[in-house]
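J.: Please see the structure below; I have some questions.
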Amino acid sequence: MARLIAPDASYHSSWLEGAAEFDGARQDGAGTEGWQLEELKDAQGFSRFVDWLVKDALPETPRKPEHVPCTYLWIVEDDTFLGSLAIRHELTEFLLNEGGHIGYSVRPSARRRGHAAQALADALPIARELGIRRVLLTCDEDNFASRGTIEKNGGLYEDSRNGKRRYWIDNA
C-alpha cells in the first residue's frame, strides 16, 4: 500500500527512475526547480537535494522572495518511489490564482491506480496540522484525472483563472 513519507535519500535509484518517466515534463510538487538532473544523479547531490526539501518546511530557511515554506512528501510503496506532493504553507498572489496549497504528481507508470487521490487524502490532516483550514487546489482545465482526484477528496469548484480550475476543500 502506498504511503506518504518525508523525502529520503535511500530512494535515490527509484526516484531517478521515476524522474526519467516524466521525460522532462514538469513534476508538480517535486521541488526540482533550480536542480539539474545531472546533479541529482550523483549520490551526494541527491542527498543535498533531499536535505533541502526537508528544510524547506522551516520558516527560517532561506528561499526566493516569491516562495513560501513548503512541506515536501513522497508517495512510496515498499522501496519504490511513486510520486511527489508539496504542501505550501501560505498563498502568494500566484498560488492564490494558479498554484494552490497542494501540488502533486505521480510517475506515469503508477498512474490510474488511485495513488494521487490517496496521497491527497493523507496530506489533508498534515495541512490541518499546519493550520490550513481551507485548502486551495488547482489543475489545468483539461486535466480530467486531477479534477477527479480533487473532487473525490471533497474539492468544490470555485472558478477558473488563467487556464486553471480552482477548488477549495474545507479542512477544519
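Letters A, B, ... mark the chains of the C-alpha cells in the order given; residue numbers begin at 1 per chain; ligand numbers begin at 1, in order shown.
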Residues near Tyr167 (chain A), anyone? I mean within 7 Å using only C-alpha atoms, not counting same-chain ones fewer than 5 positions away, as an mmCIF file with N, CA and C atoms, in the first residue's frame.

T.:
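So the final result, stored in out_7.cif, reads:
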data_model
loop_
_atom_site.group_PDB
_atom_site.id
_atom_site.type_symbol
_atom_site.label_atom_id
_atom_site.label_comp_id
_atom_site.auth_asym_id
_atom_site.auth_seq_id
_atom_site.Cartn_x
_atom_site.Cartn_y
_atom_site.Cartn_z
ATOM 1 N N LEU A 136 -6.699 25.188 -0.924
ATOM 2 C CA LEU A 136 -6.918 25.501 -2.331
ATOM 3 C C LEU A 136 -6.108 24.535 -3.186
ATOM 4 N N LEU A 137 -6.774 23.920 -4.147
ATOM 5 C CA LEU A 137 -6.118 23.058 -5.129
ATOM 6 C C LEU A 137 -6.480 23.560 -6.515
ATOM 7 N N THR A 138 -5.533 23.443 -7.431
ATOM 8 C CA THR A 138 -5.782 23.864 -8.801
ATOM 9 C C THR A 138 -5.343 22.768 -9.761
ATOM 10 N N GLY A 155 -13.229 18.474 -3.032
ATOM 11 C CA GLY A 155 -12.970 19.782 -3.622
ATOM 12 C C GLY A 155 -14.209 20.359 -4.280
ATOM 13 N N LEU A 156 -14.492 21.597 -3.951
ATOM 14 C CA LEU A 156 -15.627 22.307 -4.531
ATOM 15 C C LEU A 156 -15.099 23.363 -5.499
ATOM 16 N N TYR A 157 -15.540 23.264 -6.735
ATOM 17 C CA TYR A 157 -15.085 24.175 -7.786
ATOM 18 C C TYR A 157 -15.556 25.589 -7.484
ATOM 19 N N GLU A 158 -14.604 26.553 -7.553
ATOM 20 C CA GLU A 158 -14.958 27.956 -7.360
ATOM 21 C C GLU A 158 -14.977 28.699 -8.689
#

J.: What residues in chain A get the DSSP label strand (DSSP E or B)? Please answer as a PyMOL selection string.

T.: chain A and resi 3-5+70-77+80-88+102-106+134-140+156-161+164-170

J.: Name the residues in contact with Leu40 (chain A) at a cut-off of 10 Å, using only C-alpha atoms, excluding same-chain residues fewer than 4 positions from it; report them as a compact mmCIF listing (two decimals) with C-alpha atoms, in the first residue's frame.

T.:
# COMPACT_ATOMS: atom_id res chain seq x y z
CA HIS A 12 17.76 7.61 -4.93
CA TRP A 15 13.48 8.46 -7.66
CA LEU A 16 15.75 8.70 -10.71
CA THR A 32 13.10 20.18 -8.52
CA TRP A 35 18.17 21.48 -9.60
CA GLN A 36 19.83 19.90 -12.61
CA GLN A 44 25.95 13.47 -2.77
CA GLY A 45 23.99 15.87 -4.95
CA PHE A 46 20.82 13.88 -4.33
CA SER A 47 21.46 13.95 -0.56
CA ARG A 48 21.80 17.75 -0.71
CA PHE A 49 18.51 17.91 -2.64
CA VAL A 50 16.72 15.72 -0.06

J.: Using only C-alpha atoms, determine which residues lie at most 7 Å from region 67-77 of chain A, disregarding the query and same-chain residues fewer than 2 positions distant; provide the list as a short mmCIF file (atom, residue, chain, number, x, y, z; two decimals) with N, CA, C and O atoms, in the first residue's frame.

T.:
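The file below, part_18.cif, is the result:
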data_model
loop_
_atom_site.label_atom_id
_atom_site.label_comp_id
_atom_site.auth_asym_id
_atom_site.auth_seq_id
_atom_site.Cartn_x
_atom_site.Cartn_y
_atom_site.Cartn_z
N MET A 1 0.84 -1.19 0.00
CA MET A 1 0.00 0.00 0.00
C MET A 1 0.89 1.25 0.00
O MET A 1 1.84 1.35 0.76
N ALA A 2 0.55 2.19 -0.84
CA ALA A 2 1.33 3.43 -0.95
C ALA A 2 1.10 4.29 0.29
O ALA A 2 0.04 4.26 0.91
N ARG A 3 2.14 5.07 0.63
CA ARG A 3 2.05 5.96 1.78
C ARG A 3 2.88 7.20 1.52
O ARG A 3 3.73 7.21 0.63
N LEU A 4 2.65 8.25 2.30
CA LEU A 4 3.45 9.46 2.22
C LEU A 4 4.59 9.38 3.23
O LEU A 4 4.38 8.96 4.38
N ILE A 5 5.79 9.78 2.79
CA ILE A 5 6.94 9.83 3.69
C ILE A 5 7.69 11.14 3.44
O ILE A 5 7.52 11.78 2.40
N ALA A 6 8.53 11.51 4.40
CA ALA A 6 9.45 12.62 4.17
C ALA A 6 10.46 12.17 3.12
O ALA A 6 10.80 10.98 3.04
N PRO A 7 10.95 13.08 2.29
CA PRO A 7 11.97 12.71 1.31
C PRO A 7 13.13 11.98 1.99
O PRO A 7 13.54 12.33 3.09
N LEU A 53 14.88 19.76 0.51
CA LEU A 53 13.43 19.54 0.53
C LEU A 53 12.90 19.51 1.95
O LEU A 53 11.88 20.13 2.27
N VAL A 54 13.58 18.79 2.83
CA VAL A 54 13.13 18.66 4.23
C VAL A 54 13.19 20.02 4.93
O VAL A 54 12.25 20.41 5.63
N ASP A 56 12.97 22.96 3.69
CA ASP A 56 12.11 24.00 3.12
C ASP A 56 10.82 24.19 3.93
O ASP A 56 10.17 25.21 3.82
N ALA A 57 10.47 23.24 4.77
CA ALA A 57 9.29 23.38 5.61
C ALA A 57 9.51 24.37 6.76
O ALA A 57 8.53 24.87 7.33
N LEU A 58 10.75 24.65 7.09
CA LEU A 58 11.05 25.54 8.21
C LEU A 58 10.94 27.00 7.78
O LEU A 58 11.53 27.39 6.77
N PRO A 59 10.23 27.81 8.54
CA PRO A 59 10.06 29.23 8.16
C PRO A 59 11.38 29.97 8.01
O PRO A 59 11.50 30.86 7.18
N ARG A 63 14.90 31.31 1.19
CA ARG A 63 14.25 30.93 -0.07
C ARG A 63 14.04 32.18 -0.92
O ARG A 63 14.17 33.29 -0.44
N LYS A 64 13.72 31.98 -2.16
CA LYS A 64 13.45 33.10 -3.06
C LYS A 64 12.28 33.91 -2.50
O LYS A 64 11.36 33.34 -1.89
N PRO A 65 12.27 35.23 -2.74
CA PRO A 65 11.21 36.08 -2.17
C PRO A 65 9.79 35.63 -2.54
O PRO A 65 8.88 35.77 -1.74
N ASP A 79 9.84 -0.18 -1.59
CA ASP A 79 11.06 0.56 -1.89
C ASP A 79 10.97 1.31 -3.22
O ASP A 79 11.97 1.68 -3.82
N THR A 80 9.73 1.57 -3.67
CA THR A 80 9.52 2.23 -4.96
C THR A 80 8.94 3.63 -4.78
O THR A 80 7.91 3.81 -4.12
N PHE A 81 9.61 4.61 -5.38
CA PHE A 81 9.14 5.98 -5.42
C PHE A 81 8.03 6.08 -6.47
O PHE A 81 8.23 5.70 -7.62
N LEU A 82 6.86 6.57 -6.06
CA LEU A 82 5.72 6.68 -6.97
C LEU A 82 5.42 8.11 -7.38
O LEU A 82 4.83 8.33 -8.44
N GLY A 83 5.76 9.08 -6.53
CA GLY A 83 5.44 10.46 -6.86
C GLY A 83 5.77 11.41 -5.73
O GLY A 83 6.33 11.03 -4.70
N SER A 84 5.42 12.68 -5.96
CA SER A 84 5.73 13.76 -5.04
C SER A 84 4.47 14.54 -4.70
O SER A 84 3.53 14.61 -5.50
N LEU A 85 4.50 15.17 -3.54
CA LEU A 85 3.41 16.02 -3.10
C LEU A 85 4.02 17.16 -2.30
O LEU A 85 4.94 16.93 -1.51
N ALA A 86 3.54 18.36 -2.50
CA ALA A 86 4.03 19.54 -1.78
C ALA A 86 2.85 20.25 -1.14
O ALA A 86 1.83 20.48 -1.79
N ILE A 87 3.01 20.60 0.14
CA ILE A 87 2.02 21.40 0.85
C ILE A 87 2.65 22.77 1.09
O ILE A 87 3.60 22.90 1.86
N ARG A 88 2.12 23.77 0.42
CA ARG A 88 2.61 25.15 0.57
C ARG A 88 1.88 25.76 1.77
O ARG A 88 0.65 25.77 1.80
N HIS A 89 2.63 26.26 2.71
CA HIS A 89 2.07 26.71 3.98
C HIS A 89 1.27 28.00 3.87
O HIS A 89 0.42 28.27 4.73
N GLU A 90 1.53 28.79 2.85
CA GLU A 90 0.85 30.08 2.66
C GLU A 90 0.54 30.23 1.17
O GLU A 90 1.08 29.50 0.34
N ALA A 119 -2.95 9.96 -1.74
CA ALA A 119 -1.92 10.87 -1.24
C ALA A 119 -2.55 12.20 -0.82
O ALA A 119 -2.20 12.74 0.25
#

J.: Tell me which of A:Arg107, A:Gly154, A:Arg128, A:Arg134 sits closest to Asp23 (chain A), counting only C-alpha atoms.

T.: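 Residue with the minimum atom-to-atom distance to Asp23 (chain A): A:Arg107.
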